[in-house]
file structure.cif (mmCIF, C-alpha atoms)
data_coords
loop_
_atom_site.label_atom_id
_atom_site.label_comp_id
_atom_site.auth_asym_id
_atom_site.auth_seq_id
_atom_site.Cartn_x
_atom_site.Cartn_y
_atom_site.Cartn_z
CA MET A 1 -49.81 -141.76 -119.69
CA ASP A 2 -46.44 -140.19 -120.41
CA ALA A 3 -47.00 -137.61 -117.71
CA ALA A 4 -47.75 -140.36 -115.19
CA PHE A 5 -44.59 -142.22 -116.20
CA ALA A 6 -42.49 -139.06 -115.87
CA LEU A 7 -43.96 -138.45 -112.41
CA ILE A 8 -43.10 -141.98 -111.27
CA ALA A 9 -39.61 -141.97 -112.81
CA GLY A 10 -38.85 -138.54 -111.38
CA HIS A 11 -40.14 -139.20 -107.86
CA ALA A 12 -39.65 -142.94 -107.22
CA ASN A 13 -36.44 -142.14 -105.37
CA TYR A 14 -38.24 -139.85 -102.92
CA TRP A 15 -41.03 -142.38 -102.41
CA LEU A 16 -38.59 -145.19 -101.62
CA VAL A 17 -36.98 -142.91 -99.05
CA VAL A 18 -40.42 -142.21 -97.56
CA ILE A 19 -41.02 -145.97 -97.24
CA LEU A 20 -37.75 -146.36 -95.32
CA MET A 21 -38.65 -143.37 -93.16
CA MET A 22 -42.01 -144.87 -92.27
CA ILE A 23 -40.45 -148.23 -91.34
CA GLY A 24 -38.17 -146.30 -88.98
CA LEU A 25 -41.11 -144.38 -87.52
CA TYR A 26 -43.05 -147.62 -87.08
CA VAL A 27 -40.17 -149.25 -85.16
CA ALA A 28 -39.85 -146.15 -82.98
CA ILE A 29 -43.53 -145.90 -82.02
CA ALA A 30 -44.78 -149.51 -82.12
CA ARG A 31 -42.05 -151.18 -80.07
CA GLY A 32 -41.75 -150.83 -76.33
CA ASN A 33 -38.09 -151.81 -76.08
CA LEU A 34 -35.96 -148.71 -75.60
CA VAL A 35 -32.97 -149.99 -77.61
CA LYS A 36 -35.30 -150.91 -80.46
CA LYS A 37 -36.77 -147.41 -80.34
CA ILE A 38 -33.28 -145.91 -80.69
CA VAL A 39 -32.55 -148.17 -83.68
CA GLY A 40 -35.86 -147.07 -85.21
CA LEU A 41 -34.97 -143.42 -84.74
CA ASN A 42 -31.60 -144.13 -86.39
CA LEU A 43 -33.36 -145.65 -89.40
CA PHE A 44 -35.59 -142.58 -89.60
CA GLN A 45 -32.58 -140.28 -89.33
CA THR A 46 -30.62 -142.08 -92.06
CA SER A 47 -33.66 -141.87 -94.35
CA VAL A 48 -33.85 -138.12 -93.82
CA PHE A 49 -30.16 -137.94 -94.81
CA MET A 50 -31.00 -139.84 -98.00
CA LEU A 51 -33.80 -137.40 -98.81
CA TYR A 52 -31.41 -134.45 -98.45
CA ILE A 53 -28.71 -136.07 -100.56
CA SER A 54 -31.26 -137.04 -103.22
CA MET A 55 -32.24 -133.39 -103.56
CA GLY A 56 -28.62 -132.38 -104.19
CA LYS A 57 -28.08 -134.92 -106.99
CA VAL A 58 -27.80 -133.51 -110.50
CA GLU A 59 -28.44 -135.78 -113.46
CA GLY A 60 -25.09 -136.78 -115.02
CA GLY A 61 -23.22 -135.03 -112.23
CA THR A 62 -20.20 -136.16 -110.27
CA ALA A 63 -18.86 -135.69 -106.74
CA PRO A 64 -18.15 -132.01 -105.92
CA ILE A 65 -14.36 -132.32 -105.90
CA LEU A 66 -13.10 -129.93 -108.56
CA THR A 67 -11.03 -131.65 -111.22
CA GLY A 68 -10.24 -128.68 -113.41
CA LEU A 69 -11.68 -130.43 -116.46
CA PRO A 70 -13.98 -128.16 -118.45
CA ALA A 71 -17.75 -128.71 -118.68
CA THR A 72 -17.98 -131.10 -115.73
CA VAL A 73 -21.34 -131.18 -113.97
CA TYR A 74 -21.05 -131.33 -110.18
CA SER A 75 -23.76 -132.26 -107.69
CA ASN A 76 -24.76 -129.64 -105.16
CA PRO A 77 -22.21 -129.62 -102.28
CA LEU A 78 -24.39 -127.85 -99.71
CA PRO A 79 -26.61 -130.83 -98.69
CA HIS A 80 -23.45 -132.93 -98.36
CA VAL A 81 -21.98 -130.47 -95.87
CA LEU A 82 -25.16 -130.32 -93.80
CA ILE A 83 -25.54 -134.10 -93.67
CA LEU A 84 -21.85 -134.77 -93.04
CA THR A 85 -21.98 -132.89 -89.75
CA ALA A 86 -25.44 -134.26 -88.96
CA ILE A 87 -24.16 -137.85 -89.12
CA VAL A 88 -21.48 -137.24 -86.51
CA VAL A 89 -23.89 -135.30 -84.30
CA GLY A 90 -26.33 -138.21 -84.76
CA ILE A 91 -23.86 -140.76 -83.39
CA SER A 92 -23.11 -138.52 -80.41
CA THR A 93 -26.79 -138.18 -79.52
CA THR A 94 -27.30 -141.93 -80.06
CA ALA A 95 -24.48 -142.59 -77.62
CA LEU A 96 -26.14 -140.23 -75.14
CA ALA A 97 -29.48 -142.04 -75.55
CA LEU A 98 -27.80 -145.42 -75.05
CA ALA A 99 -26.10 -144.11 -71.91
CA LEU A 100 -29.49 -143.03 -70.54
CA VAL A 101 -30.92 -146.47 -71.38
CA VAL A 102 -28.04 -148.12 -69.51
CA ARG A 103 -28.88 -146.01 -66.45
CA ILE A 104 -32.60 -146.78 -66.80
CA ARG A 105 -31.76 -150.49 -66.91
CA GLU A 106 -29.71 -150.11 -63.72
CA ALA A 107 -32.45 -148.16 -61.94
CA TYR A 108 -35.49 -150.20 -63.04
CA GLY A 109 -34.01 -153.57 -64.05
CA THR A 110 -35.81 -153.49 -67.39
CA ILE A 111 -35.72 -151.62 -70.68
CA GLU A 112 -39.32 -152.34 -71.67
CA GLU A 113 -41.45 -149.21 -71.66
CA ASP A 114 -44.63 -150.76 -70.22
CA GLU A 115 -42.75 -152.46 -67.36
CA ILE A 116 -41.06 -149.16 -66.46
CA LEU A 117 -44.44 -147.40 -66.46
CA GLU A 118 -45.88 -150.15 -64.23
CA ILE A 119 -43.05 -149.74 -61.72
CA GLU A 120 -43.60 -145.99 -61.78
CA ARG A 121 -47.35 -146.49 -61.12
CA ASP A 122 -46.67 -148.90 -58.24
CA VAL A 123 -44.28 -146.45 -56.62
CA GLY A 124 -46.78 -143.63 -57.13
CA SER A 125 -49.72 -145.53 -55.59
CA LYS A 126 -47.70 -146.60 -52.54
CA SER A 127 -46.52 -143.15 -51.58
CA MET B 128 -27.39 -148.39 -115.15
CA MET B 129 -27.52 -145.81 -112.35
CA ILE B 130 -31.20 -146.52 -111.87
CA ALA B 131 -30.54 -150.25 -111.54
CA VAL B 132 -27.88 -149.63 -108.85
CA ASP B 133 -30.25 -147.29 -107.02
CA LEU B 134 -33.13 -149.73 -107.12
CA ILE B 135 -31.03 -152.70 -105.96
CA LEU B 136 -29.63 -150.69 -103.05
CA PHE B 137 -33.10 -149.48 -102.07
CA ALA B 138 -34.44 -153.04 -102.25
CA PHE B 139 -31.73 -154.22 -99.85
CA LEU B 140 -32.26 -151.19 -97.59
CA ILE B 141 -36.00 -151.85 -97.33
CA LEU B 142 -35.45 -155.57 -96.69
CA THR B 143 -32.93 -154.76 -93.95
CA ALA B 144 -35.28 -152.23 -92.39
CA ILE B 145 -38.15 -154.73 -92.37
CA ALA B 146 -35.87 -157.35 -90.82
CA ILE B 147 -34.92 -154.83 -88.10
CA ALA B 148 -38.61 -154.16 -87.44
CA ARG B 149 -39.45 -157.86 -87.15
CA LEU B 150 -36.47 -159.34 -85.27
CA ARG B 151 -36.54 -159.46 -81.49
CA ASN B 152 -32.93 -160.47 -80.84
CA LEU B 153 -31.25 -157.15 -80.08
CA PHE B 154 -27.77 -158.34 -81.08
CA ALA B 155 -29.09 -159.18 -84.53
CA VAL B 156 -30.82 -155.80 -84.67
CA ALA B 157 -27.56 -154.00 -83.83
CA MET B 158 -25.66 -155.87 -86.54
CA LEU B 159 -28.41 -155.24 -89.08
CA SER B 160 -28.44 -151.54 -88.30
CA GLY B 161 -24.71 -151.56 -89.08
CA LEU B 162 -25.51 -153.27 -92.37
CA PHE B 163 -28.21 -150.68 -93.05
CA SER B 164 -25.65 -147.90 -92.61
CA LEU B 165 -23.22 -149.62 -94.95
CA LEU B 166 -25.91 -149.94 -97.64
CA ALA B 167 -26.83 -146.30 -97.07
CA ALA B 168 -23.16 -145.41 -97.64
CA GLY B 169 -23.32 -147.25 -100.95
CA LEU B 170 -26.39 -145.27 -101.90
CA PHE B 171 -24.64 -142.01 -100.98
CA VAL B 172 -21.77 -142.89 -103.34
CA ALA B 173 -24.30 -143.51 -106.10
CA LEU B 174 -25.77 -140.08 -105.33
CA ASP B 175 -22.30 -138.38 -105.67
CA ALA B 176 -21.96 -137.65 -101.96
CA VAL B 177 -18.58 -139.34 -101.38
CA ASP B 178 -17.76 -137.38 -98.21
CA VAL B 179 -21.10 -138.29 -96.69
CA ALA B 180 -20.69 -141.93 -97.71
CA PHE B 181 -17.28 -142.01 -96.06
CA THR B 182 -18.67 -140.61 -92.83
CA GLU B 183 -21.71 -142.88 -92.85
CA ALA B 184 -19.56 -145.98 -93.40
CA ALA B 185 -17.12 -145.04 -90.63
CA VAL B 186 -19.73 -143.79 -88.16
CA GLY B 187 -22.86 -145.83 -88.88
CA GLY B 188 -21.16 -149.05 -89.91
CA GLY B 189 -18.34 -148.89 -87.38
CA VAL B 190 -18.57 -146.81 -84.25
CA SER B 191 -22.37 -146.86 -83.96
CA THR B 192 -22.44 -150.66 -83.98
CA ILE B 193 -19.68 -150.77 -81.36
CA PHE B 194 -21.62 -148.41 -79.06
CA MET B 195 -24.78 -150.46 -79.59
CA LEU B 196 -22.95 -153.68 -78.66
CA GLY B 197 -21.24 -151.96 -75.74
CA ALA B 198 -24.64 -150.91 -74.39
CA LEU B 199 -26.24 -154.30 -75.13
CA ALA B 200 -23.57 -156.04 -73.09
CA LEU B 201 -25.19 -154.37 -70.06
CA MET B 202 -28.81 -155.32 -70.76
CA PRO B 203 -31.05 -158.21 -71.78
CA ARG B 204 -30.48 -159.36 -75.34
CA GLU B 205 -34.03 -160.35 -76.16
CA GLU B 206 -36.92 -157.99 -76.74
CA LYS B 207 -40.25 -158.86 -75.11
CA ARG B 208 -43.22 -159.65 -77.32
CA PRO B 209 -45.12 -156.40 -77.88
CA VAL B 210 -48.17 -156.12 -75.63
CA HIS B 211 -50.04 -153.52 -77.64
CA GLY B 212 -51.59 -154.20 -81.01
CA ALA B 213 -49.62 -153.10 -84.06
CA LEU B 214 -52.66 -151.68 -85.87
CA LEU B 215 -52.69 -148.10 -84.59
CA PRO B 216 -48.97 -147.41 -85.26
CA LEU B 217 -49.32 -149.02 -88.68
CA VAL B 218 -52.26 -146.78 -89.62
CA LEU B 219 -50.40 -143.75 -88.27
CA CYS B 220 -47.32 -144.59 -90.38
CA LEU B 221 -49.41 -145.19 -93.50
CA VAL B 222 -51.19 -141.85 -93.08
CA THR B 223 -47.93 -139.98 -92.44
CA GLY B 224 -46.27 -141.72 -95.37
CA ALA B 225 -49.17 -140.89 -97.68
CA ALA B 226 -48.99 -137.24 -96.63
CA LEU B 227 -45.23 -137.17 -97.33
CA VAL B 228 -45.67 -138.81 -100.74
CA TYR B 229 -48.40 -136.28 -101.53
CA GLY B 230 -45.93 -133.56 -100.55
CA THR B 231 -43.22 -134.86 -102.88
CA ILE B 232 -45.47 -134.62 -105.95
CA ASP B 233 -44.85 -130.89 -106.12
CA MET B 234 -41.10 -131.35 -105.85
CA PRO B 235 -38.93 -131.07 -108.98
CA ALA B 236 -38.01 -134.41 -110.54
CA PHE B 237 -35.06 -136.30 -109.06
CA GLY B 238 -31.74 -135.14 -110.54
CA SER B 239 -33.28 -132.25 -112.45
CA PRO B 240 -30.54 -129.66 -113.09
CA ASP B 241 -32.91 -126.66 -112.99
CA ALA B 242 -34.53 -127.43 -109.65
CA PRO B 243 -34.53 -124.35 -107.38
CA VAL B 244 -32.07 -126.03 -105.01
CA GLN B 245 -29.46 -126.23 -107.82
CA ARG B 246 -29.76 -122.65 -108.95
CA HIS B 247 -28.79 -120.41 -106.06
CA VAL B 248 -26.01 -121.03 -103.55
CA GLY B 249 -24.88 -124.42 -104.94
CA PRO B 250 -23.32 -123.16 -108.19
CA GLU B 251 -22.02 -120.12 -106.32
CA TYR B 252 -20.00 -122.34 -103.95
CA LEU B 253 -18.76 -124.47 -106.88
CA ALA B 254 -17.57 -121.39 -108.77
CA ARG B 255 -15.99 -119.56 -105.82
CA ALA B 256 -14.49 -122.30 -103.68
CA LEU B 257 -11.25 -122.86 -105.60
CA PRO B 258 -10.28 -119.20 -106.30
CA GLU B 259 -11.25 -118.03 -102.80
CA THR B 260 -9.98 -120.85 -100.60
CA GLY B 261 -7.60 -122.85 -102.80
CA VAL B 262 -9.27 -126.10 -101.75
CA PRO B 263 -10.55 -128.35 -104.59
CA ASN B 264 -12.86 -130.39 -102.36
CA VAL B 265 -15.83 -128.02 -102.26
CA VAL B 266 -17.44 -129.93 -99.37
CA THR B 267 -14.40 -129.28 -97.17
CA ALA B 268 -14.25 -125.64 -98.24
CA VAL B 269 -17.93 -125.03 -97.42
CA LEU B 270 -17.74 -127.06 -94.21
CA ALA B 271 -14.73 -125.34 -92.69
CA SER B 272 -14.78 -121.91 -94.25
CA TYR B 273 -18.12 -120.68 -95.60
CA ARG B 274 -20.15 -122.45 -92.94
CA GLY B 275 -17.50 -122.32 -90.22
CA TYR B 276 -20.00 -121.12 -87.59
CA ASP B 277 -22.22 -124.10 -88.29
CA THR B 278 -19.37 -126.57 -87.93
CA LEU B 279 -18.20 -124.88 -84.73
CA GLY B 280 -21.70 -125.42 -83.37
CA GLU B 281 -21.73 -129.07 -84.43
CA THR B 282 -18.35 -129.66 -82.81
CA THR B 283 -19.74 -128.12 -79.63
CA VAL B 284 -22.68 -130.54 -79.77
CA ILE B 285 -20.28 -133.50 -80.01
CA PHE B 286 -18.26 -132.11 -77.11
CA VAL B 287 -21.36 -131.64 -74.95
CA ALA B 288 -22.72 -135.09 -75.86
CA ALA B 289 -19.44 -136.77 -74.91
CA ILE B 290 -19.28 -134.84 -71.64
CA SER B 291 -22.89 -135.82 -70.88
CA VAL B 292 -22.19 -139.52 -71.52
CA LEU B 293 -19.20 -139.30 -69.19
CA MET B 294 -21.37 -137.61 -66.56
CA ILE B 295 -24.16 -140.21 -66.87
CA LEU B 296 -21.99 -143.34 -66.98
CA GLY B 297 -18.89 -142.07 -65.23
CA ILE B 298 -15.30 -142.81 -66.16
CA SER B 299 -12.50 -143.58 -63.77
CA LEU B 300 -9.78 -140.99 -64.04
CA GLY B 301 -7.00 -143.14 -62.60
CA SER B 302 -4.83 -145.17 -64.94
CA GLY B 303 -6.41 -148.49 -63.91
CA ARG B 304 -10.05 -149.23 -63.14
CA GLN B 305 -11.00 -149.89 -59.54
CA LYS B 306 -13.48 -152.67 -60.18
CA GLY B 307 -14.96 -154.99 -62.74
CA GLY B 308 -11.68 -155.87 -64.45
CA GLU B 309 -11.61 -158.80 -66.85
CA MET C 310 -10.74 -161.97 -76.18
CA GLN C 311 -7.52 -163.42 -74.77
CA HIS C 312 -7.59 -166.77 -76.56
CA HIS C 313 -8.76 -165.80 -80.06
CA LEU C 314 -5.25 -166.02 -81.50
CA ILE C 315 -6.09 -165.38 -85.15
CA LEU C 316 -8.27 -162.37 -84.37
CA ARG C 317 -5.57 -160.91 -82.14
CA VAL C 318 -2.78 -161.32 -84.70
CA VAL C 319 -4.87 -159.91 -87.55
CA ALA C 320 -6.10 -157.00 -85.44
CA ARG C 321 -2.53 -156.18 -84.42
CA LEU C 322 -1.50 -156.14 -88.08
CA LEU C 323 -4.38 -153.81 -88.90
CA LEU C 324 -3.59 -151.19 -86.25
CA PRO C 325 -0.71 -149.30 -87.94
CA PRO C 326 -2.51 -148.96 -91.30
CA ILE C 327 -5.63 -147.70 -89.50
CA PHE C 328 -3.74 -144.90 -87.77
CA LEU C 329 -1.79 -144.06 -90.92
CA TYR C 330 -5.02 -143.94 -92.90
CA ALA C 331 -6.62 -141.69 -90.30
CA LEU C 332 -3.74 -139.23 -90.67
CA TYR C 333 -4.01 -139.41 -94.46
CA VAL C 334 -7.75 -138.69 -94.28
CA GLN C 335 -7.11 -135.82 -91.86
CA TRP C 336 -4.52 -134.03 -93.97
CA HIS C 337 -5.76 -134.97 -97.42
CA GLY C 338 -9.31 -133.81 -96.79
CA ASP C 339 -8.74 -130.69 -98.88
CA TYR C 340 -8.10 -132.67 -102.04
CA GLY C 341 -10.23 -135.77 -101.72
CA PRO C 342 -13.08 -137.12 -99.63
CA GLY C 343 -12.24 -136.84 -95.97
CA GLY C 344 -11.61 -134.30 -93.27
CA GLY C 345 -11.69 -133.91 -89.53
CA PHE C 346 -14.94 -135.73 -88.82
CA GLN C 347 -13.98 -138.90 -90.70
CA ALA C 348 -10.36 -138.88 -89.52
CA GLY C 349 -11.44 -138.48 -85.91
CA VAL C 350 -13.79 -141.44 -86.15
CA ILE C 351 -11.12 -143.62 -87.81
CA PHE C 352 -8.58 -142.66 -85.15
CA ALA C 353 -11.07 -143.59 -82.43
CA VAL C 354 -11.75 -146.91 -84.17
CA GLY C 355 -8.01 -147.65 -83.99
CA PHE C 356 -8.03 -147.05 -80.22
CA ILE C 357 -11.20 -149.10 -79.78
CA LEU C 358 -9.66 -152.00 -81.73
CA TYR C 359 -6.62 -151.78 -79.47
CA ALA C 360 -8.90 -152.00 -76.44
CA LEU C 361 -10.72 -154.98 -77.92
CA ILE C 362 -7.45 -156.92 -78.38
CA ASN C 363 -5.59 -155.94 -75.23
CA GLY C 364 -8.35 -155.01 -72.83
CA VAL C 365 -9.61 -151.65 -71.65
CA ASP C 366 -6.86 -151.33 -69.03
CA ALA C 367 -4.19 -151.44 -71.74
CA LEU C 368 -5.97 -148.64 -73.59
CA THR C 369 -6.19 -146.47 -70.49
CA ARG C 370 -2.44 -146.92 -70.10
CA VAL C 371 -1.90 -145.65 -73.66
CA VAL C 372 -4.39 -142.78 -73.42
CA PRO C 373 -5.27 -141.92 -69.82
CA PRO C 374 -8.93 -140.78 -69.49
CA ARG C 375 -7.70 -137.50 -68.05
CA ALA C 376 -5.76 -136.84 -71.28
CA LEU C 377 -8.85 -137.77 -73.30
CA ILE C 378 -10.96 -135.18 -71.49
CA LEU C 379 -8.25 -132.56 -72.04
CA LEU C 380 -8.07 -133.41 -75.75
CA LEU C 381 -11.85 -133.27 -75.99
CA ALA C 382 -11.76 -129.66 -74.87
CA ALA C 383 -8.49 -128.85 -76.69
CA GLY C 384 -9.95 -129.61 -80.13
CA LEU C 385 -12.93 -127.35 -79.59
CA LEU C 386 -10.70 -124.62 -78.13
CA LEU C 387 -8.40 -124.87 -81.16
CA TYR C 388 -11.41 -124.29 -83.41
CA ALA C 389 -12.83 -121.40 -81.40
CA GLY C 390 -9.32 -120.05 -80.81
CA THR C 391 -8.79 -119.78 -84.56
CA GLY C 392 -11.90 -117.63 -84.66
CA ILE C 393 -10.58 -115.43 -81.85
CA ALA C 394 -7.19 -115.17 -83.60
CA THR C 395 -8.81 -113.95 -86.81
CA LEU C 396 -10.79 -111.44 -84.75
CA LEU C 397 -7.57 -110.14 -83.17
CA LEU C 398 -5.94 -109.92 -86.59
CA GLY C 399 -8.65 -107.52 -87.65
CA GLN C 400 -11.03 -109.78 -89.59
CA ASP C 401 -14.42 -111.28 -88.83
CA PHE C 402 -14.78 -114.28 -86.54
CA LEU C 403 -13.58 -117.38 -88.46
CA ASP C 404 -12.59 -115.37 -91.55
CA TYR C 405 -9.27 -117.08 -92.17
CA SER C 406 -8.05 -114.58 -94.77
CA ALA C 407 -6.15 -112.78 -92.01
CA LEU C 408 -4.01 -115.80 -91.09
CA SER C 409 -1.45 -115.37 -93.86
CA HIS C 410 -0.04 -112.66 -96.07
CA ASP C 411 -2.50 -113.40 -98.85
CA ALA C 412 -6.13 -114.32 -98.46
CA VAL C 413 -6.13 -117.69 -100.26
CA HIS C 414 -3.18 -119.01 -98.23
CA GLY C 415 -4.89 -117.82 -95.08
CA GLN C 416 -8.02 -119.75 -96.02
CA GLU C 417 -5.99 -122.91 -96.64
CA TRP C 418 -4.27 -122.61 -93.26
CA GLY C 419 -7.52 -121.86 -91.49
CA ILE C 420 -9.27 -124.86 -93.00
CA LEU C 421 -6.40 -127.18 -92.02
CA ILE C 422 -6.37 -125.87 -88.45
CA VAL C 423 -10.10 -126.05 -87.79
CA GLU C 424 -10.25 -129.51 -89.39
CA LEU C 425 -7.52 -130.58 -86.98
CA GLY C 426 -9.57 -129.20 -84.10
CA VAL C 427 -12.63 -131.10 -85.28
CA GLY C 428 -10.56 -134.29 -85.67
CA ILE C 429 -9.14 -134.08 -82.15
CA THR C 430 -12.53 -133.46 -80.56
CA VAL C 431 -14.27 -136.24 -82.50
CA ALA C 432 -11.52 -138.79 -81.83
CA ALA C 433 -11.45 -137.98 -78.11
CA ALA C 434 -15.26 -137.96 -77.86
CA MET C 435 -15.69 -141.36 -79.53
CA THR C 436 -12.90 -142.97 -77.49
CA ALA C 437 -14.23 -141.47 -74.26
CA ILE C 438 -17.77 -142.70 -74.98
CA PHE C 439 -16.42 -146.18 -75.72
CA LEU C 440 -14.47 -146.16 -72.45
CA ALA C 441 -17.56 -145.04 -70.56
CA PHE C 442 -19.57 -148.01 -71.89
CA ALA C 443 -16.71 -150.51 -71.62
CA GLY C 444 -15.79 -149.39 -68.11
CA ARG C 445 -19.19 -150.61 -66.89
CA SER C 446 -19.20 -153.86 -68.82
CA ALA C 447 -20.55 -156.91 -67.21
CA SER C 448 -18.13 -159.22 -68.99
CA VAL C 449 -19.51 -160.68 -72.21
CA GLU C 450 -19.34 -164.46 -72.24
CA ASP C 451 -18.11 -166.18 -75.39
CA LYS C 452 -21.37 -168.10 -75.71
CA ASP C 453 -23.25 -164.82 -76.11
CA TRP C 454 -21.62 -164.07 -79.42
#
call {"tool": "encode", "arguments": {"input": "structure.cif", "output": "structure tokens"}}
result
Amino acid sequence: MDAAFALIAGHANYWLVVILMMIGLYVAIARGNLVKKIVGLNLFQTSVFMLYISMGKVEGGTAPILTGLPATVYSNPLPHVLILTAIVVGISTTALALALVVRIREAYGTIEEDEILEIERDVGSKS
Amino acid sequence: MMIAVDLILFAFLILTAIAIARLRNLFAVAMLSGLFSLLAAGLFVALDAVDVAFTEAAVGGGVSTIFMLGALALMPREEKRPVHGALLPLVLCLVTGAALVYGTIDMPAFGSPDAPVQRHVGPEYLARALPETGVPNVVTAVLASYRGYDTLGETTVIFVAAISVLMILGISLGSGRQKGGE
Amino acid sequence: MQHHLILRVVARLLLPPIFLYALYVQWHGDYGPGGGFQAGVIFAVGFILYALINGVDALTRVVPPRALILLLAAGLLLYAGTGIATLLLGQDFLDYSALSHDAVHGQEWGILIVELGVGITVAAAMTAIFLAFAGRSASVEDKDW
């Protein structure tokens, strides 16, 4: 009983992150709208960031900015560095994806996946 | 106390994510994804990652929403009703999620100070950053000095992404725009 | 947004603190949360807010797109150039110890310089991407909001 409680208390954080991740994955694969897919991928990406940051957290720790006070516990700075750069790279790639969607909308007149595929099929069968 | 903050933030995050999945008005989805980023920033503060929280709030809550709205201004605002059934994706997500949860069971408990991840390079950086670089913010020291190659690569990615957006959408190089003024 | 008087006045009041704060975040990143990535984004947000109040044309008069593209490359070149400089001074690529007479000072200088490079590239990239989207805009009607 105690072991089960310890497992839940120690891992609930990771499981909540997994739930968020799966909602993001669901939005990305179940929806045909391209903008919605990008938002879903963003949710997924942010959840991955949370998983990384969770792993760097130390119980009773504080932010890794050295204060000079003795016996201070700091959380692990390495995941923070990796995720910090990943966030800014994430926005750049999101902007690139949105730019491609804008061009798709101009070329096909729609941003729904199935309608684009239909237009593609029509063009293919005519030629 | 910490656990309560964590749980409340996660509850809001999950509610926001479900709302994003269900709504079909894309403007609302863009605003909610900004809200999601802001809540995520709050969670990062609770997890001691203040630099990350700062970036997430500025990027996810601010610029990302602006780009989303800028793109939405050029396209229909309403998503079509999905034509395919939602069952297959749902099953796929449940299976993937179950596999991930199964994978976490072997992981060390959340916040445990003797997890492998806390015992190698992390303490090394914390001990060496101030004497070697003179910078008290260890995140900045690792970002710019110890992992300088990495950050150079990331900056290059941002550069290339911006150039690609300019190549795809085009930007007028004159001081005024030729067409479409307001 | 020409007739939203309150929004325009408030946004105009907010602009100077935003730019000042961006500079603070840029240069204070060694001692507190912050650094080039965040400062660049905040700087870009200031420019974007300016464009939202005064129109995109006003922004392109303040920062011509040509200058933006130059800055985009200049930031990255500043970063890589620091690496080349340390190479020429006899150290490894991006080992800033060579930049000053003692190693710790060199590291501090190196970190400030590469953070500045990152800040310039990020600010220029975000502003340029915004201009690329806004330059295409079919105008957004007030009823859409």
call {"tool": "residues_around", "arguments": {"input": "structure.cif", "residues": "segment 213-227 of chain B", "least_positions_apart": "2", "cutoff": "8 Å", "atoms": "all atoms listed in the file", "output": "list in words"}}
result
Val18, Ile19, Met22, Ile23, Leu25, Tyr26, Ile29 and Ala30 of chain A; His211, Tyr229, Gly230 and Thr231 of chain B
call {"tool": "closest_atom_pairs", "arguments": {"input": "structure.cif", "of": "chain A", "to": "chain C", "cutoff": "12 Å", "atoms": "all atoms listed in the file", "output": "JSON lines"}}
result
{"residue": "A:Ala63", "atom": "CA", "partner": "C:Pro342", "partner_atom": "CA", "distance": 9.3}
{"residue": "A:Pro64", "atom": "CA", "partner": "C:Pro342", "partner_atom": "CA", "distance": 9.6}
{"residue": "A:Ile65", "atom": "CA", "partner": "C:Gly341", "partner_atom": "CA", "distance": 6.8}
{"residue": "A:Leu66", "atom": "CA", "partner": "C:Tyr340", "partner_atom": "CA", "distance": 8.7}
{"residue": "A:Thr67", "atom": "CA", "partner": "C:Tyr340", "partner_atom": "CA", "distance": 9.7}
{"residue": "A:His80", "atom": "CA", "partner": "C:Pro342", "partner_atom": "CA", "distance": 11.3}
{"residue": "A:Val81", "atom": "CA", "partner": "C:Phe346", "partner_atom": "CA", "distance": 11.3}
{"residue": "A:Ile83", "atom": "CA", "partner": "C:Phe346", "partner_atom": "CA", "distance": 11.8}
{"residue": "A:Leu84", "atom": "CA", "partner": "C:Phe346", "partner_atom": "CA", "distance": 8.2}
{"residue": "A:Thr85", "atom": "CA", "partner": "C:Phe346", "partner_atom": "CA", "distance": 7.6}
{"residue": "A:Ala86", "atom": "CA", "partner": "C:Phe346", "partner_atom": "CA", "distance": 10.6}
{"residue": "A:Ile87", "atom": "CA", "partner": "C:Phe346", "partner_atom": "CA", "distance": 9.5}
{"residue": "A:Val88", "atom": "CA", "partner": "C:Phe346", "partner_atom": "CA", "distance": 7.1}
{"residue": "A:Val89", "atom": "CA", "partner": "C:Val431", "partner_atom": "CA", "distance": 9.8}
{"residue": "A:Ile91", "atom": "CA", "partner": "C:Met435", "partner_atom": "CA", "distance": 9.1}
{"residue": "A:Ser92", "atom": "CA", "partner": "C:Met435", "partner_atom": "CA", "distance": 8.0}
{"residue": "A:Thr93", "atom": "CA", "partner": "C:Ile438", "partner_atom": "CA", "distance": 11.1}
{"residue": "A:Thr94", "atom": "CA", "partner": "C:Ile438", "partner_atom": "CA", "distance": 10.8}
{"residue": "A:Ala95", "atom": "CA", "partner": "C:Ile438", "partner_atom": "CA", "distance": 7.2}
{"residue": "A:Leu96", "atom": "CA", "partner": "C:Ile438", "partner_atom": "CA", "distance": 8.7}
{"residue": "A:Ala97", "atom": "CA", "partner": "C:Ile438", "partner_atom": "CA", "distance": 11.7}
{"residue": "A:Leu98", "atom": "CA", "partner": "C:Phe442", "partner_atom": "CA", "distance": 9.2}
{"residue": "A:Ala99", "atom": "CA", "partner": "C:Phe442", "partner_atom": "CA", "distance": 7.6}
{"residue": "A:Leu100", "atom": "CA", "partner": "C:Phe442", "partner_atom": "CA", "distance": 11.2}
{"residue": "A:Val101", "atom": "CA", "partner": "C:Phe442", "partner_atom": "CA", "distance": 11.5}
{"residue": "A:Val102", "atom": "CA", "partner": "C:Phe442", "partner_atom": "CA", "distance": 8.8}
{"residue": "A:Arg103", "atom": "CA", "partner": "C:Arg445", "partner_atom": "CA", "distance": 10.7}
{"residue": "A:Glu106", "atom": "CA", "partner": "C:Arg445", "partner_atom": "CA", "distance": 11.0}
call {"tool": "atom_distance", "arguments": {"input": "structure.cif", "atom1": "atom CA of Ile298 of chain B", "atom2": "atom CA of Leu425 of chain C"}}
result
25.4 Å
